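Peer 1: So that you have it, the file is my_file35.cif, and it contains mmCIF, C-alpha atoms:
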```cif
data_protein
#
loop_
_atom_site.label_atom_id
_atom_site.label_comp_id
_atom_site.auth_asym_id
_atom_site.auth_seq_id
_atom_site.Cartn_x
_atom_site.Cartn_y
_atom_site.Cartn_z
CA MET A 1 0.00 0.00 0.00
CA ALA A 2 1.23 3.48 -0.88
CA SER A 3 -1.30 5.39 1.20
CA LYS A 4 -0.46 8.06 3.78
CA THR A 5 3.30 8.04 3.99
CA PRO A 6 5.49 11.16 3.89
CA THR A 7 6.66 10.13 0.42
CA THR A 8 3.16 9.70 -1.03
CA GLU A 9 2.04 12.97 0.54
CA LYS A 10 5.03 14.67 -1.09
CA ILE A 11 4.10 13.16 -4.49
CA LEU A 12 0.49 14.32 -4.20
CA ARG A 13 1.69 17.77 -3.17
CA LEU A 14 3.94 17.88 -6.25
CA ALA A 15 0.98 16.84 -8.41
CA ARG A 16 -1.09 19.71 -7.00
CA GLN A 17 1.76 22.17 -7.60
CA LYS A 18 2.70 21.06 -11.11
CA GLY A 19 -0.68 19.99 -12.48
CA ILE A 20 0.94 17.32 -14.66
CA LEU A 21 3.55 15.14 -12.99
CA ARG A 22 6.39 13.42 -14.85
CA VAL A 23 8.53 10.49 -13.71
CA ARG A 24 11.56 12.78 -13.87
CA ASP A 25 9.90 15.13 -11.35
CA LEU A 26 10.09 12.31 -8.82
CA ALA A 27 13.67 11.45 -9.79
CA GLU A 28 14.67 15.04 -8.98
CA HIS A 29 13.43 14.39 -5.42
CA GLY A 30 15.02 10.94 -5.17
CA ILE A 31 11.64 9.15 -5.23
CA HIS A 32 11.28 5.78 -6.96
CA PRO A 33 8.67 5.77 -9.80
CA GLU A 34 7.05 2.64 -8.33
CA TYR A 35 5.16 5.02 -6.03
CA LEU A 36 3.32 6.38 -9.07
CA ARG A 37 2.06 2.92 -10.02
CA ARG A 38 0.84 2.31 -6.49
CA LEU A 39 -0.92 5.68 -6.26
CA CYS A 40 -2.63 4.97 -9.61
CA ALA A 41 -3.77 1.56 -8.33
CA GLU A 42 -5.27 3.30 -5.29
CA GLY A 43 -7.01 5.87 -7.50
CA LYS A 44 -5.08 8.81 -6.07
CA LEU A 45 -3.38 9.55 -9.40
CA GLU A 46 -4.27 8.76 -12.99
CA ARG A 47 -1.90 8.05 -15.84
CA THR A 48 -2.66 10.22 -18.88
CA GLY A 49 0.19 9.00 -21.07
CA ARG A 50 3.59 7.44 -20.91
CA GLY A 51 5.38 9.07 -18.00
CA LEU A 52 2.56 11.58 -17.31
CA TYR A 53 0.32 11.58 -14.24
CA ARG A 54 -2.28 13.90 -12.73
CA LEU A 55 -4.82 14.04 -9.92
CA PRO A 56 -8.12 12.37 -10.86
CA GLY A 57 -10.98 14.83 -11.18
CA GLY A 58 -8.55 17.71 -10.85
CA ASP A 59 -9.49 21.25 -11.80
CA TYR A 60 -7.95 21.28 -15.29
CA SER A 61 -8.75 23.73 -18.06
CA ALA A 62 -9.74 22.93 -21.64
CA ASN A 63 -6.08 23.50 -22.52
CA VAL A 64 -4.76 20.62 -20.39
CA THR A 65 -3.50 18.77 -23.50
CA LEU A 66 -1.21 21.75 -24.20
CA VAL A 67 0.22 21.28 -20.71
CA GLU A 68 0.74 17.57 -21.31
CA ALA A 69 2.44 18.32 -24.64
CA ALA A 70 4.68 20.95 -23.05
CA ARG A 71 5.71 18.51 -20.33
CA ARG A 72 6.57 15.86 -22.93
CA VAL A 73 8.39 18.25 -25.30
CA PRO A 74 9.76 21.08 -23.11
CA HIS A 75 11.89 22.52 -25.94
CA GLY A 76 8.90 22.89 -28.29
CA VAL A 77 6.54 25.83 -28.86
CA VAL A 78 2.77 25.45 -29.35
CA CYS A 79 2.02 26.79 -32.83
CA LEU A 80 -0.38 27.16 -35.76
CA LEU A 81 -3.85 25.66 -35.19
CA SER A 82 -3.22 24.91 -31.51
CA ALA A 83 -1.99 28.47 -30.93
CA LEU A 84 -5.01 29.87 -32.80
CA ARG A 85 -7.30 27.79 -30.60
CA PHE A 86 -5.55 28.93 -27.43
CA HIS A 87 -5.82 32.60 -28.46
CA GLU A 88 -9.47 32.04 -29.54
CA ILE A 89 -8.76 33.20 -33.08
CA GLY A 90 -10.77 31.59 -35.89
CA THR A 91 -12.86 28.43 -35.94
CA GLN A 92 -10.24 25.68 -36.04
CA LEU A 93 -10.58 22.76 -33.59
CA PRO A 94 -7.40 20.69 -33.96
CA HIS A 95 -7.48 17.07 -32.80
CA GLU A 96 -3.72 17.14 -32.24
CA VAL A 97 -1.36 19.50 -30.45
CA TRP A 98 0.58 21.39 -33.12
CA MET A 99 4.10 22.15 -31.99
CA MET A 100 7.17 23.79 -33.50
CA ILE A 101 10.58 22.30 -32.79
CA GLU A 102 14.05 23.45 -33.77
CA ARG A 103 15.03 22.30 -37.26
CA ARG A 104 17.86 20.04 -36.06
CA ALA A 105 16.12 18.68 -32.97
CA ALA A 106 15.35 14.96 -32.83
CA LEU A 107 11.72 14.20 -33.66
CA PRO A 108 10.00 13.33 -30.35
CA ARG A 109 8.27 9.96 -30.15
CA ILE A 110 5.07 10.67 -28.26
CA ASP A 111 2.18 8.28 -27.65
CA TYR A 112 -0.01 10.85 -25.88
CA PRO A 113 -1.25 13.46 -26.50
CA ARG A 114 -1.53 13.23 -30.27
CA MET A 115 0.93 15.72 -31.72
CA ARG A 116 1.93 17.16 -35.06
CA PHE A 117 5.38 18.68 -35.41
CA PHE A 118 6.75 21.47 -37.58
CA ARG A 119 10.29 22.72 -37.85
CA ALA A 120 11.88 26.17 -37.92
CA SER A 121 15.29 27.62 -37.15
CA GLY A 122 16.86 30.85 -35.99
CA GLU A 123 14.55 33.80 -35.41
CA ALA A 124 11.66 32.02 -37.13
CA PHE A 125 11.76 29.58 -34.20
CA THR A 126 12.65 31.88 -31.30
CA ALA A 127 10.72 35.08 -32.13
CA GLY A 128 7.24 35.73 -30.80
CA VAL A 129 7.31 33.10 -28.04
CA GLU A 130 5.09 33.84 -25.05
CA HIS A 131 5.22 31.88 -21.81
CA ARG A 132 1.70 31.32 -20.52
CA ARG A 133 0.79 29.66 -17.25
CA ILE A 134 -1.81 26.96 -17.86
CA ASP A 135 -2.93 24.61 -15.08
CA ARG A 136 0.08 25.56 -12.95
CA THR A 137 2.53 24.82 -15.77
CA GLU A 138 4.43 27.28 -17.96
CA VAL A 139 3.74 26.61 -21.63
CA ALA A 140 5.66 28.16 -24.53
CA ILE A 141 3.24 29.33 -27.21
CA TYR A 142 3.54 31.73 -30.12
CA GLY A 143 1.71 35.06 -29.80
CA VAL A 144 -1.10 36.07 -32.14
CA ALA A 145 0.95 38.05 -34.71
CA LYS A 146 3.64 35.35 -35.00
CA THR A 147 0.97 32.66 -35.31
CA VAL A 148 -0.72 34.54 -38.17
CA ALA A 149 2.61 34.84 -40.01
CA ASP A 150 3.26 31.13 -39.43
CA CYS A 151 -0.17 30.33 -40.89
CA PHE A 152 0.88 32.04 -44.13
CA LYS A 153 4.27 30.32 -44.06
CA TYR A 154 2.65 26.89 -43.70
CA ARG A 155 -0.41 27.72 -45.84
CA ASN A 156 0.20 24.68 -48.06
CA LYS A 157 -0.29 22.44 -45.01
CA ILE A 158 -3.17 24.23 -43.28
CA GLY A 159 -4.90 26.01 -46.16
CA LEU A 160 -4.84 29.66 -47.25
CA ASP A 161 -8.43 30.07 -46.00
CA VAL A 162 -7.25 29.36 -42.42
CA ALA A 163 -4.45 31.93 -42.73
CA LEU A 164 -6.86 34.56 -44.10
CA GLU A 165 -9.38 33.90 -41.34
CA ALA A 166 -6.63 34.27 -38.72
CA LEU A 167 -5.41 37.52 -40.29
CA ARG A 168 -8.90 38.98 -40.59
CA GLU A 169 -9.92 38.09 -37.03
CA SER A 170 -6.66 39.18 -35.41
CA LEU A 171 -7.09 42.63 -37.00
CA ARG A 172 -10.81 42.88 -36.31
CA SER A 173 -10.38 41.96 -32.64
CA LYS A 174 -7.25 44.15 -32.35
CA ARG A 175 -5.27 41.19 -31.04
CA ALA A 176 -2.38 42.12 -33.36
CA THR A 177 -1.29 45.42 -34.84
CA VAL A 178 -0.29 45.98 -38.45
CA ASP A 179 3.28 46.71 -37.32
CA GLU A 180 3.45 43.42 -35.39
CA LEU A 181 2.12 41.49 -38.37
CA TRP A 182 4.71 43.08 -40.71
CA LYS A 183 7.47 42.33 -38.21
CA TYR A 184 6.69 38.61 -38.11
CA ALA A 185 5.94 38.48 -41.84
CA ARG A 186 9.55 39.61 -42.38
CA ILE A 187 10.92 37.10 -39.87
CA CYS A 188 8.93 34.27 -41.48
CA ARG A 189 9.74 35.55 -45.00
CA VAL A 190 6.13 35.80 -46.11
CA GLU A 191 5.94 39.57 -46.72
CA ARG A 192 5.13 39.22 -50.41
CA VAL A 193 2.47 36.60 -49.72
CA MET A 194 0.78 38.57 -46.94
CA ARG A 195 1.09 42.05 -48.46
CA PRO A 196 -1.98 42.07 -50.78
CA TYR A 197 -4.25 40.55 -48.13
CA LEU A 198 -3.01 42.80 -45.35
CA GLU A 199 -3.29 45.93 -47.49
CA ALA A 200 -6.84 44.97 -48.47
CA MET A 201 -7.89 44.60 -44.83
CA VAL A 202 -6.49 47.83 -43.38
#
```
Would you mind giving the structure from this file in structure tokens?
Peer 2:
Amino acid sequence: MASKTPTTEKILRLARQKGILRVRDLAEHGIHPEYLRRLCAEGKLERTGRGLYRLPGGDYSANVTLVEAARRVPHGVVCLLSALRFHEIGTQLPHEVWMMIERRAALPRIDYPRMRFFRASGEAFTAGVEHRRIDRTEVAIYGVAKTVADCFKYRNKIGLDVALEALRESLRSKRATVDELWKYARICRVERVMRPYLEAMV
């Protein structure tokens, strides 16, 4: 039995603090991962994916899969359709977490949550990153203007209609300024693509 020992209390406290608990979080405290299996068997934790655990019935937001993705791929940045959804821009409802990784990074092998990876390098990868706190976890996610520029950059994968909807709504809702959009259009090298649409909307 794992119940009511100082170690299990510490694990449950960590789960409350972090929202999503990883095996490595226990290793950092010198706790054997077997405790996680026992706490799951007792119903005090639930396993959401390989190496990921959380409190059952916890107070998690609709963005909890972004947290789980960020815990699995800490060097990645939530992007494109997932970023649009987080910022409540447009009508897209992705069934995967869309994440940008550095061009030379190894492709993560993730069983859960379902993820789709894109690659960028240099400023196209590092610019426009915001760190948002979701369910007690810091998640790296591109801001609205950078996400719109990325939508044009990856328009062949997501569709030009999605990029145009994101541009139109970000301007209408004043979530991004024209200057911000031009800045990230230059960084993502899509100025010529975006120019006629942006000029028509302002």
Peer 1: Apply the PyMOL selection byres ((chain A and resi 157-164) around 12) to the structure shown and report the selected residues as a VMD selection string.
Peer 2: chain A and resid 79 to 82 84 to 85 89 to 94 98 116 to 118 144 to 156 165 to 171 190 193 to 198 200 to 201
Peer 1: Export, as a PDB file, in the coordinates of the input, the selected residues with C-alpha atoms.
Peer 2:
```pdb
ATOM      1  CA  CYS A  79       2.020  26.790 -32.830  1.00  0.00           C
ATOM      2  CA  LEU A  80      -0.380  27.160 -35.760  1.00  0.00           C
ATOM      3  CA  LEU A  81      -3.850  25.660 -35.190  1.00  0.00           C
ATOM      4  CA  SER A  82      -3.220  24.910 -31.510  1.00  0.00           C
ATOM      5  CA  LEU A  84      -5.010  29.870 -32.800  1.00  0.00           C
ATOM      6  CA  ARG A  85      -7.300  27.790 -30.600  1.00  0.00           C
ATOM      7  CA  ILE A  89      -8.760  33.200 -33.080  1.00  0.00           C
ATOM      8  CA  GLY A  90     -10.770  31.590 -35.890  1.00  0.00           C
ATOM      9  CA  THR A  91     -12.860  28.430 -35.940  1.00  0.00           C
ATOM     10  CA  GLN A  92     -10.240  25.680 -36.040  1.00  0.00           C
ATOM     11  CA  LEU A  93     -10.580  22.760 -33.590  1.00  0.00           C
ATOM     12  CA  PRO A  94      -7.400  20.690 -33.960  1.00  0.00           C
ATOM     13  CA  TRP A  98       0.580  21.390 -33.120  1.00  0.00           C
ATOM     14  CA  ARG A 116       1.930  17.160 -35.060  1.00  0.00           C
ATOM     15  CA  PHE A 117       5.380  18.680 -35.410  1.00  0.00           C
ATOM     16  CA  PHE A 118       6.750  21.470 -37.580  1.00  0.00           C
ATOM     17  CA  VAL A 144      -1.100  36.070 -32.140  1.00  0.00           C
ATOM     18  CA  ALA A 145       0.950  38.050 -34.710  1.00  0.00           C
ATOM     19  CA  LYS A 146       3.640  35.350 -35.000  1.00  0.00           C
ATOM     20  CA  THR A 147       0.970  32.660 -35.310  1.00  0.00           C
ATOM     21  CA  VAL A 148      -0.720  34.540 -38.170  1.00  0.00           C
ATOM     22  CA  ALA A 149       2.610  34.840 -40.010  1.00  0.00           C
ATOM     23  CA  ASP A 150       3.260  31.130 -39.430  1.00  0.00           C
ATOM     24  CA  CYS A 151      -0.170  30.330 -40.890  1.00  0.00           C
ATOM     25  CA  PHE A 152       0.880  32.040 -44.130  1.00  0.00           C
ATOM     26  CA  LYS A 153       4.270  30.320 -44.060  1.00  0.00           C
ATOM     27  CA  TYR A 154       2.650  26.890 -43.700  1.00  0.00           C
ATOM     28  CA  ARG A 155      -0.410  27.720 -45.840  1.00  0.00           C
ATOM     29  CA  ASN A 156       0.200  24.680 -48.060  1.00  0.00           C
ATOM     30  CA  GLU A 165      -9.380  33.900 -41.340  1.00  0.00           C
ATOM     31  CA  ALA A 166      -6.630  34.270 -38.720  1.00  0.00           C
ATOM     32  CA  LEU A 167      -5.410  37.520 -40.290  1.00  0.00           C
ATOM     33  CA  ARG A 168      -8.900  38.980 -40.590  1.00  0.00           C
ATOM     34  CA  GLU A 169      -9.920  38.090 -37.030  1.00  0.00           C
ATOM     35  CA  SER A 170      -6.660  39.180 -35.410  1.00  0.00           C
ATOM     36  CA  LEU A 171      -7.090  42.630 -37.000  1.00  0.00           C
ATOM     37  CA  VAL A 190       6.130  35.800 -46.110  1.00  0.00           C
ATOM     38  CA  VAL A 193       2.470  36.600 -49.720  1.00  0.00           C
ATOM     39  CA  MET A 194       0.780  38.570 -46.940  1.00  0.00           C
ATOM     40  CA  ARG A 195       1.090  42.050 -48.460  1.00  0.00           C
ATOM     41  CA  PRO A 196      -1.980  42.070 -50.780  1.00  0.00           C
ATOM     42  CA  TYR A 197      -4.250  40.550 -48.130  1.00  0.00           C
ATOM     43  CA  LEU A 198      -3.010  42.800 -45.350  1.00  0.00           C
ATOM     44  CA  ALA A 200      -6.840  44.970 -48.470  1.00  0.00           C
ATOM     45  CA  MET A 201      -7.890  44.600 -44.830  1.00  0.00           C
TER      46      MET A 201
END
```
Peer 1: In terms of the shortest atom-to-atom distance over all atoms listed in the file, which of A:Val64, A:Leu52, A:Ala140, A:Leu36 is closest to Leu21 (chain A)?
Peer 2: A:Leu52
Peer 1: Hey, can you check how far CA of Val139 (chain A) sits from CA of Ala83 (chain A)?
Peer 2: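 Atom-to-atom, CA of Val139 (chain A) to CA of Ala83 (chain A), that is 11.1 Å.
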Peer 1: Once the PyMOL selection byres ((chain A and resi 67) around 10) has been evaluated on this model, what residues remain selected, and can you format them as a VMD selection string?
Peer 2: chain A and resid 18 to 20 60 to 61 63 to 66 68 to 74 78 113 133 to 140
Peer 1: Starting from the displayed file, determine the output of the PyMOL selection byres ((chain A and resi 34) around 12) and express the residue list as a list in words.
Peer 2: Met1, Ala2, Thr7, Thr8, Ile11, Val23, Leu26, Ala27, Gly30, Ile31, His32, Pro33, Tyr35, Leu36, Arg37, Arg38, Leu39, Cys40, Ala41 and Gly51 of chain A
Peer 1: For the atom pair CA of His131 (chain A) and CA of Gly143 (chain A), what is the interatomic distance in Å to one decimal place?
Peer 2: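 Result for CA of His131 (chain A) versus CA of Gly143 (chain A): 9.3 Å, one decimal.
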Peer 1: So what do you get for CA of Arg119 (chain A) versus CA of Lys183 (chain A), distance-wise?
Peer 2: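 That distance, rounded to one decimal, is 19.8 Å.
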Peer 1: Would you please work out which residue, of A:Lys44, A:Arg16, A:Arg132, A:Arg50, is nearest to Phe86 (chain A) when using all atoms listed in the file?
Peer 2: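 Between A:Lys44, A:Arg16, A:Arg132, A:Arg50, the residue approaching Phe86 (chain A) most closely is A:Arg132.
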Peer 1: Residues within 8 Å of Glu123 (chain A), please, as a PyMOL selection string. Count only C-alpha atoms; anything in the same chain fewer than 3 positions from it doesn't count.
Peer 2: chain A and resi 126-127+187
